[in-house]
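Asks: See upload_29.pdb below, with PDB, C-alpha atoms.
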MODEL        1
ATOM      1  CA  MET A   1       0.000   0.000   0.000
ATOM      2  CA  THR A   2       1.373   3.378  -1.006
ATOM      3  CA  ILE A   3       1.294   6.409   1.284
ATOM      4  CA  GLY A   4      -1.483   7.929  -0.799
ATOM      5  CA  GLU A   5      -3.647   4.841  -0.247
ATOM      6  CA  GLN A   6      -3.395   4.937   3.532
ATOM      7  CA  SER A   7      -6.405   5.936   5.611
ATOM      8  CA  ASP A   8      -6.786   9.412   7.046
ATOM      9  CA  GLU A   9      -6.261   8.043  10.525
ATOM     10  CA  ALA A  10      -3.043   6.249   9.520
ATOM     11  CA  LEU A  11      -1.709   9.461   8.010
ATOM     12  CA  VAL A  12      -2.588  11.381  11.171
ATOM     13  CA  ARG A  13      -0.601   8.895  13.243
ATOM     14  CA  ARG A  14       2.428   9.317  10.987
ATOM     15  CA  ILE A  15       2.136  13.109  11.037
ATOM     16  CA  ARG A  16       1.995  13.072  14.816
ATOM     17  CA  SER A  17       5.110  10.896  14.810
ATOM     18  CA  GLY A  18       7.052  13.553  12.959
ATOM     19  CA  GLU A  19       6.276  13.097   9.250
ATOM     20  CA  ARG A  20       4.677  16.521   9.045
ATOM     21  CA  GLU A  21       4.990  16.749   5.287
ATOM     22  CA  LEU A  22       2.265  14.096   4.973
ATOM     23  CA  PHE A  23      -0.332  16.647   6.044
ATOM     24  CA  SER A  24      -0.307  17.863   2.437
ATOM     25  CA  LEU A  25      -1.935  14.566   1.467
ATOM     26  CA  LEU A  26      -4.862  15.293   3.784
ATOM     27  CA  VAL A  27      -5.121  18.782   2.319
ATOM     28  CA  ASP A  28      -5.289  17.323  -1.179
ATOM     29  CA  ARG A  29      -8.011  14.893  -0.121
ATOM     30  CA  TYR A  30     -10.245  17.480   1.474
ATOM     31  CA  LYS A  31      -9.477  20.873  -0.063
ATOM     32  CA  ARG A  32     -12.178  20.630  -2.706
ATOM     33  CA  GLY A  33     -14.864  19.348  -0.361
ATOM     34  CA  ILE A  34     -14.045  21.896   2.336
ATOM     35  CA  ALA A  35     -14.148  24.755  -0.167
ATOM     36  CA  SER A  36     -17.489  23.516  -1.485
ATOM     37  CA  PHE A  37     -18.881  23.270   2.034
ATOM     38  CA  ILE A  38     -17.718  26.777   2.932
ATOM     39  CA  SER A  39     -19.179  28.087  -0.335
ATOM     40  CA  ALA A  40     -22.639  27.106   0.901
ATOM     41  CA  GLY A  41     -22.484  30.015   3.324
ATOM     42  CA  VAL A  42     -19.962  32.467   1.918
ATOM     43  CA  ARG A  43     -20.341  34.371  -1.350
ATOM     44  CA  SER A  44     -16.863  35.767  -1.954
ATOM     45  CA  GLN A  45     -14.543  33.225  -3.542
ATOM     46  CA  SER A  46     -11.518  34.972  -2.051
ATOM     47  CA  ASP A  47     -13.077  34.586   1.404
ATOM     48  CA  VAL A  48     -13.818  30.930   0.641
ATOM     49  CA  ALA A  49     -10.136  30.425  -0.159
ATOM     50  CA  ASP A  50      -9.051  32.227   3.013
ATOM     51  CA  LEU A  51     -11.461  30.283   5.214
ATOM     52  CA  SER A  52     -10.432  26.997   3.614
ATOM     53  CA  GLN A  53      -6.815  27.792   4.404
ATOM     54  CA  GLU A  54      -7.743  28.745   7.958
ATOM     55  CA  THR A  55      -9.568  25.439   8.343
ATOM     56  CA  PHE A  56      -6.474  23.445   7.405
ATOM     57  CA  LEU A  57      -4.226  25.617   9.557
ATOM     58  CA  ARG A  58      -6.455  24.985  12.554
ATOM     59  CA  ALA A  59      -6.610  21.285  11.768
ATOM     60  CA  TYR A  60      -2.824  21.087  11.613
ATOM     61  CA  ALA A  61      -2.384  23.103  14.805
ATOM     62  CA  HIS A  62      -4.873  20.959  16.729
ATOM     63  CA  LEU A  63      -4.134  17.595  15.158
ATOM     64  CA  GLY A  64      -3.133  16.311  18.566
ATOM     65  CA  THR A  65      -6.720  16.672  19.754
ATOM     66  CA  PHE A  66      -8.132  14.399  17.050
ATOM     67  CA  ASN A  67      -9.388  11.168  18.592
ATOM     68  CA  PRO A  68     -10.222   8.433  16.070
ATOM     69  CA  ALA A  69     -12.183   6.623  18.747
ATOM     70  CA  LEU A  70     -14.725   9.456  18.690
ATOM     71  CA  GLY A  71     -15.210   9.674  14.934
ATOM     72  CA  LYS A  72     -13.638   9.885  11.516
ATOM     73  CA  PHE A  73     -11.106  12.490  10.487
ATOM     74  CA  SER A  74     -13.505  13.695   7.797
ATOM     75  CA  THR A  75     -16.153  14.499  10.397
ATOM     76  CA  TRP A  76     -13.578  16.232  12.592
ATOM     77  CA  ILE A  77     -12.239  18.516   9.869
ATOM     78  CA  TYR A  78     -15.728  19.458   8.645
ATOM     79  CA  GLN A  79     -16.578  20.441  12.216
ATOM     80  CA  ILE A  80     -13.564  22.741  12.155
ATOM     81  CA  ALA A  81     -14.735  24.238   8.848
ATOM     82  CA  ARG A  82     -18.194  24.755  10.300
ATOM     83  CA  ASN A  83     -16.738  26.628  13.284
ATOM     84  CA  VAL A  84     -14.521  28.736  11.010
ATOM     85  CA  VAL A  85     -17.546  29.804   8.955
ATOM     86  CA  ARG A  86     -19.598  30.552  12.061
ATOM     87  CA  THR A  87     -16.844  32.737  13.452
ATOM     88  CA  TYR A  88     -16.496  34.531  10.124
ATOM     89  CA  LEU A  89     -20.214  35.232   9.836
ATOM     90  CA  ALA A  90     -20.537  36.329  13.460
ATOM     91  CA  ARG A  91     -17.511  38.606  13.234
ATOM     92  CA  GLY A  92     -18.520  40.380  10.074
ATOM     93  CA  GLN A  93     -22.289  39.856  10.279
ATOM     94  CA  ARG A  94     -22.079  39.144   6.600
ATOM     95  CA  ARG A  95     -25.105  38.034   4.699
ATOM     96  CA  VAL A  96     -25.224  34.303   4.148
ATOM     97  CA  ALA A  97     -25.478  33.462   0.471
ATOM     98  CA  THR A  98     -24.844  30.520  -1.786
ATOM     99  CA  ALA A  99     -21.835  30.800  -4.015
ATOM    100  CA  GLU A 100     -21.185  29.039  -7.285
ATOM    101  CA  ILE A 101     -21.629  25.305  -7.306
ATOM    102  CA  PRO A 102     -18.422  23.629  -8.486
ATOM    103  CA  GLU A 103     -18.684  22.501 -12.089
ATOM    104  CA  ASP A 104     -18.674  18.806 -11.297
ATOM    105  CA  ARG A 105     -21.145  18.980  -8.396
ATOM    106  CA  THR A 106     -24.824  19.635  -8.831
ATOM    107  CA  LEU A 107     -27.777  19.083  -6.538
ATOM    108  CA  GLU A 108     -28.966  15.589  -7.430
ATOM    109  CA  ASN A 109     -27.824  16.297 -10.992
ATOM    110  CA  ALA A 110     -30.404  19.071 -11.254
ATOM    111  CA  VAL A 111     -28.198  20.706 -13.851
ATOM    112  CA  ALA A 112     -27.009  18.426 -16.630
ATOM    113  CA  ASP A 113     -24.104  18.868 -19.061
ATOM    114  CA  ARG A 114     -23.771  22.633 -19.431
ATOM    115  CA  SER A 115     -21.214  22.743 -22.200
ATOM    116  CA  ARG A 116     -22.198  24.814 -25.192
ATOM    117  CA  GLU A 117     -20.311  22.373 -27.365
ATOM    118  CA  ALA A 118     -22.736  19.613 -26.381
ATOM    119  CA  ASP A 119     -25.769  21.754 -27.170
ATOM    120  CA  PRO A 120     -25.197  25.484 -27.871
ATOM    121  CA  ALA A 121     -28.806  26.563 -27.331
ATOM    122  CA  GLY A 122     -29.385  24.122 -24.521
ATOM    123  CA  GLY A 123     -26.185  25.216 -22.825
ATOM    124  CA  ILE A 124     -27.497  28.740 -22.454
ATOM    125  CA  LEU A 125     -30.776  27.454 -21.052
ATOM    126  CA  ARG A 126     -28.952  25.222 -18.588
ATOM    127  CA  GLN A 127     -26.809  28.135 -17.418
ATOM    128  CA  GLU A 128     -29.966  30.116 -16.763
ATOM    129  CA  ALA A 129     -31.480  27.157 -14.908
ATOM    130  CA  GLU A 130     -28.375  26.906 -12.741
ATOM    131  CA  ARG A 131     -28.555  30.605 -11.880
ATOM    132  CA  GLU A 132     -32.133  30.028 -10.785
ATOM    133  CA  LEU A 133     -31.031  27.057  -8.694
ATOM    134  CA  HIS A 134     -28.350  29.154  -6.971
ATOM    135  CA  ALA A 135     -30.855  31.920  -6.252
ATOM    136  CA  ALA A 136     -33.381  29.459  -4.846
ATOM    137  CA  LEU A 137     -30.776  27.843  -2.607
ATOM    138  CA  ALA A 138     -29.780  31.260  -1.279
ATOM    139  CA  GLU A 139     -33.352  31.771  -0.055
ATOM    140  CA  LEU A 140     -33.301  28.667   2.149
ATOM    141  CA  PRO A 141     -32.446  28.835   5.881
ATOM    142  CA  GLU A 142     -28.751  28.527   6.715
ATOM    143  CA  ARG A 143     -28.983  25.125   8.408
ATOM    144  CA  THR A 144     -31.063  23.641   5.596
ATOM    145  CA  ARG A 145     -28.638  24.959   2.985
ATOM    146  CA  THR A 146     -25.676  23.582   4.926
ATOM    147  CA  VAL A 147     -27.228  20.119   5.187
ATOM    148  CA  LEU A 148     -27.992  20.072   1.466
ATOM    149  CA  ALA A 149     -24.428  21.193   0.700
ATOM    150  CA  LEU A 150     -22.905  18.399   2.756
ATOM    151  CA  ARG A 151     -25.218  15.793   1.270
ATOM    152  CA  TYR A 152     -25.177  16.699  -2.400
ATOM    153  CA  PHE A 153     -21.999  18.727  -2.898
ATOM    154  CA  ASN A 154     -19.734  16.662  -0.624
ATOM    155  CA  ASN A 155     -21.500  13.293  -0.841
ATOM    156  CA  MET A 156     -21.648  12.844   2.929
ATOM    157  CA  ASP A 157     -23.900  10.159   4.330
ATOM    158  CA  TYR A 158     -26.569  11.051   6.875
ATOM    159  CA  ASN A 159     -24.575   9.835   9.879
ATOM    160  CA  ALA A 160     -21.540  11.927   8.942
ATOM    161  CA  ILE A 161     -23.735  15.006   8.465
ATOM    162  CA  ALA A 162     -25.320  14.430  11.858
ATOM    163  CA  SER A 163     -21.908  14.182  13.526
ATOM    164  CA  THR A 164     -20.529  17.212  11.713
ATOM    165  CA  LEU A 165     -23.459  19.478  12.561
ATOM    166  CA  GLY A 166     -24.209  18.068  15.996
ATOM    167  CA  LEU A 167     -27.711  16.989  14.971
ATOM    168  CA  SER A 168     -29.626  13.786  15.427
ATOM    169  CA  LEU A 169     -29.943  11.444  12.475
ATOM    170  CA  GLY A 170     -33.674  12.085  12.444
ATOM    171  CA  ASN A 171     -33.155  15.838  12.259
ATOM    172  CA  VAL A 172     -30.787  15.463   9.327
ATOM    173  CA  LYS A 173     -33.258  13.304   7.412
ATOM    174  CA  THR A 174     -36.042  15.768   8.134
ATOM    175  CA  LEU A 175     -33.957  18.769   7.069
ATOM    176  CA  ILE A 176     -32.955  17.130   3.812
ATOM    177  CA  HIS A 177     -36.514  16.020   3.056
ATOM    178  CA  ARG A 178     -38.011  19.413   3.840
ATOM    179  CA  GLY A 179     -35.108  21.212   2.185
ATOM    180  CA  LYS A 180     -35.693  19.463  -1.132
ATOM    181  CA  ILE A 181     -39.399  20.291  -0.955
ATOM    182  CA  ALA A 182     -38.648  23.925  -0.066
ATOM    183  CA  LEU A 183     -36.143  24.159  -2.903
ATOM    184  CA  ALA A 184     -38.708  22.792  -5.344
ATOM    185  CA  HIS A 185     -41.224  25.398  -4.151
ATOM    186  CA  LYS A 186     -38.678  28.192  -4.514
ATOM    187  CA  MET A 187     -37.850  27.061  -8.024
ATOM    188  CA  ARG A 188     -41.551  26.901  -8.906
ATOM    189  CA  GLU A 189     -42.141  30.386  -7.503
ATOM    190  CA  ARG A 190     -39.281  31.770  -9.529
ATOM    191  CA  GLU A 191     -40.594  30.098 -12.679
ATOM    192  CA  GLU A 192     -44.058  31.573 -12.075
ATOM    193  CA  ARG A 193     -42.604  35.056 -11.547
ATOM    194  CA  GLY A 194     -40.559  34.799 -14.719
ATOM    195  CA  PRO A 195     -43.312  35.276 -17.331
ATOM    196  CA  ARG A 196     -44.797  38.214 -15.436
ATOM    197  CA  ALA A 197     -41.393  39.833 -15.202
ATOM    198  CA  LEU A 198     -40.944  39.482 -18.942
ATOM    199  CA  LEU A 199     -44.327  41.111 -19.585
ATOM    200  CA  ARG A 200     -43.195  44.173 -17.692
ATOM    201  CA  LEU A 201     -40.182  44.671 -19.926
TER
ENDMDL
END
For the structure just supplied, provide its representation as structure tokens.
Replies:
Amino acid sequence: MTIGEQSDEALVRRIRSGERELFSLLVDRYKRGIASFISAGVRSQSDVADLSQETFLRAYAHLGTFNPALGKFSTWIYQIARNVVRTYLARGQRRVATAEIPEDRTLENAVADRSREADPAGGILRQEAERELHAALAELPERTRTVLALRYFNNMDYNAIASTLGLSLGNVKTLIHRGKIALAHKMREREERGPRALLRL
């Protein structure tokens, strides 16, 4: 087994033993998911990058507190990211908003292949549909949006989401169920407003 194939927990043990350079492997494994998670609550991409870096700096500084007996490394580092975002929002009282969804991650494949090469006319329509999806997500409550981000952008299972957010499994299931319904309603409302808006032009 190569170093890159070792589990998170095995890498943590080696890092604690002095192989500090191996922390870069954990960064590579989680940098995309952490950035996507932070993007669910932070609009500015520069702030997302800064908060992602802060998350990994905190993780590295407090690696000695990670206890594999209490949960997975993935859950632990997402909890750190959650706290970083909370501190950021509380400090600046910035408005929570949904940023761009990474190109290869869409909510239950709500947005299909967006390339204009695949379908020039359809690509434009899909881009518009994605903008509507982003706007609808931004209207959902923060906790609901966060749960949906972890589930569909980061492919977390329900138990991991529950551990990361400090919620019961039942609460997570309820939030996801209601969140999808609320998102569908928001999308429908925006579609219904669309024709009227065009008539006013």
Asks: What does the PyMOL selection byres ((chain A and resi 75) around 8) select in this file, as a PyMOL selection string?
Replies: chain A and resi 71-74+76-79+160-161+163-164
Asks: Write the residues you've just listed into a file as a PDB file, in the frame of the given file, and include C-alpha atoms for each of them.
Replies:
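Result file selection30.pdb:
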ATOM      1  CA  GLY A  71     -15.210   9.674  14.934  1.00  0.00           C
ATOM      2  CA  LYS A  72     -13.638   9.885  11.516  1.00  0.00           C
ATOM      3  CA  PHE A  73     -11.106  12.490  10.487  1.00  0.00           C
ATOM      4  CA  SER A  74     -13.505  13.695   7.797  1.00  0.00           C
ATOM      5  CA  TRP A  76     -13.578  16.232  12.592  1.00  0.00           C
ATOM      6  CA  ILE A  77     -12.239  18.516   9.869  1.00  0.00           C
ATOM      7  CA  TYR A  78     -15.728  19.458   8.645  1.00  0.00           C
ATOM      8  CA  GLN A  79     -16.578  20.441  12.216  1.00  0.00           C
ATOM      9  CA  ALA A 160     -21.540  11.927   8.942  1.00  0.00           C
ATOM     10  CA  ILE A 161     -23.735  15.006   8.465  1.00  0.00           C
ATOM     11  CA  SER A 163     -21.908  14.182  13.526  1.00  0.00           C
ATOM     12  CA  THR A 164     -20.529  17.212  11.713  1.00  0.00           C
TER      13      THR A 164
END
Asks: With 3 Å added on each side, what axis-aligned box encloses every listed atom of range 63-76 of chain A? Give the centre and edge lengths in Å to one decimal, as AutoDock Vina command-line options.
Replies:
--center_x -9.6 --center_y 12.1 --center_z 13.8 --size_x 19.0 --size_y 17.0 --size_z 18.0
Asks: Can you turn the PyMOL selection byres ((chain A and resi 143-151) around 7) into a concrete residue list for this file, as a list in words?
Replies: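 So the PyMOL selection byres ((chain A and resi 143-151) around 7) ends up selecting Phe37, Ala40, Leu137, Leu140, Pro141, Glu142, Tyr152, Phe153, Asn154, Asn155, Met156, Asp157, Ile161, Leu175, Ile176 and Gly179 of chain A.
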Asks: Rounded to one decimal, what separation in Å do you get between CA of Thr174 in chain A and CA of Met187 in chain A?
Replies: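 Between these atoms lies a distance of 19.8 Å.
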Asks: Could you tell me how far CA of Ala49 in chain A lies from CA of Glu9 in chain A, in Å and to one decimal?
Replies: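 The value is 25.1 Å.
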Asks: Under the PyMOL selection byres ((chain A and resi 25) around 12), which residues of this model are included? Write them out as a PyMOL selection string.
Replies: chain A and resi 2-12+14-15+19-24+26-31+56
Asks: Generate the output file for the selected residues, C-alpha atoms, as an mmCIF file, in the coordinates of the input.
Replies:
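Okay, part.cif is ready:
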data_model
loop_
_atom_site.group_PDB
_atom_site.id
_atom_site.type_symbol
_atom_site.label_atom_id
_atom_site.label_comp_id
_atom_site.auth_asym_id
_atom_site.auth_seq_id
_atom_site.Cartn_x
_atom_site.Cartn_y
_atom_site.Cartn_z
ATOM 1 C CA THR A 2 1.373 3.378 -1.006
ATOM 2 C CA ILE A 3 1.294 6.409 1.284
ATOM 3 C CA GLY A 4 -1.483 7.929 -0.799
ATOM 4 C CA GLU A 5 -3.647 4.841 -0.247
ATOM 5 C CA GLN A 6 -3.395 4.937 3.532
ATOM 6 C CA SER A 7 -6.405 5.936 5.611
ATOM 7 C CA ASP A 8 -6.786 9.412 7.046
ATOM 8 C CA GLU A 9 -6.261 8.043 10.525
ATOM 9 C CA ALA A 10 -3.043 6.249 9.520
ATOM 10 C CA LEU A 11 -1.709 9.461 8.010
ATOM 11 C CA VAL A 12 -2.588 11.381 11.171
ATOM 12 C CA ARG A 14 2.428 9.317 10.987
ATOM 13 C CA ILE A 15 2.136 13.109 11.037
ATOM 14 C CA GLU A 19 6.276 13.097 9.250
ATOM 15 C CA ARG A 20 4.677 16.521 9.045
ATOM 16 C CA GLU A 21 4.990 16.749 5.287
ATOM 17 C CA LEU A 22 2.265 14.096 4.973
ATOM 18 C CA PHE A 23 -0.332 16.647 6.044
ATOM 19 C CA SER A 24 -0.307 17.863 2.437
ATOM 20 C CA LEU A 26 -4.862 15.293 3.784
ATOM 21 C CA VAL A 27 -5.121 18.782 2.319
ATOM 22 C CA ASP A 28 -5.289 17.323 -1.179
ATOM 23 C CA ARG A 29 -8.011 14.893 -0.121
ATOM 24 C CA TYR A 30 -10.245 17.480 1.474
ATOM 25 C CA LYS A 31 -9.477 20.873 -0.063
ATOM 26 C CA PHE A 56 -6.474 23.445 7.405
#
Asks: As an exercise, work out the distance from CA of Ser17 in chain A to CA of Ile80 in chain A in Å and give it to one decimal place.
Replies: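 Interatomic distance here is 22.3 Å.
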Asks: In terms of the shortest atom-to-atom distance over all atoms listed in the file, which of A:Ala81, A:Ala136, A:Met1, A:Ala59 is closest to Gly33 in chain A?
Replies: A:Ala81
Asks: With distances taken over only C-alpha atoms, which residue among A:Val84, A:Leu167, A:Ala90, A:Ile181 lies nearest Leu57 in chain A?
Replies: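 Ranking A:Val84, A:Leu167, A:Ala90, A:Ile181 by distance to Leu57 in chain A, first place goes to A:Val84.
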Asks: Check the smallest atom-to-atom distance from each of A:Arg13, A:Lys186, A:Arg82, A:Arg58 to Ser36 in chain A using all atoms listed in the file, then report the winner.
Replies: A:Arg82
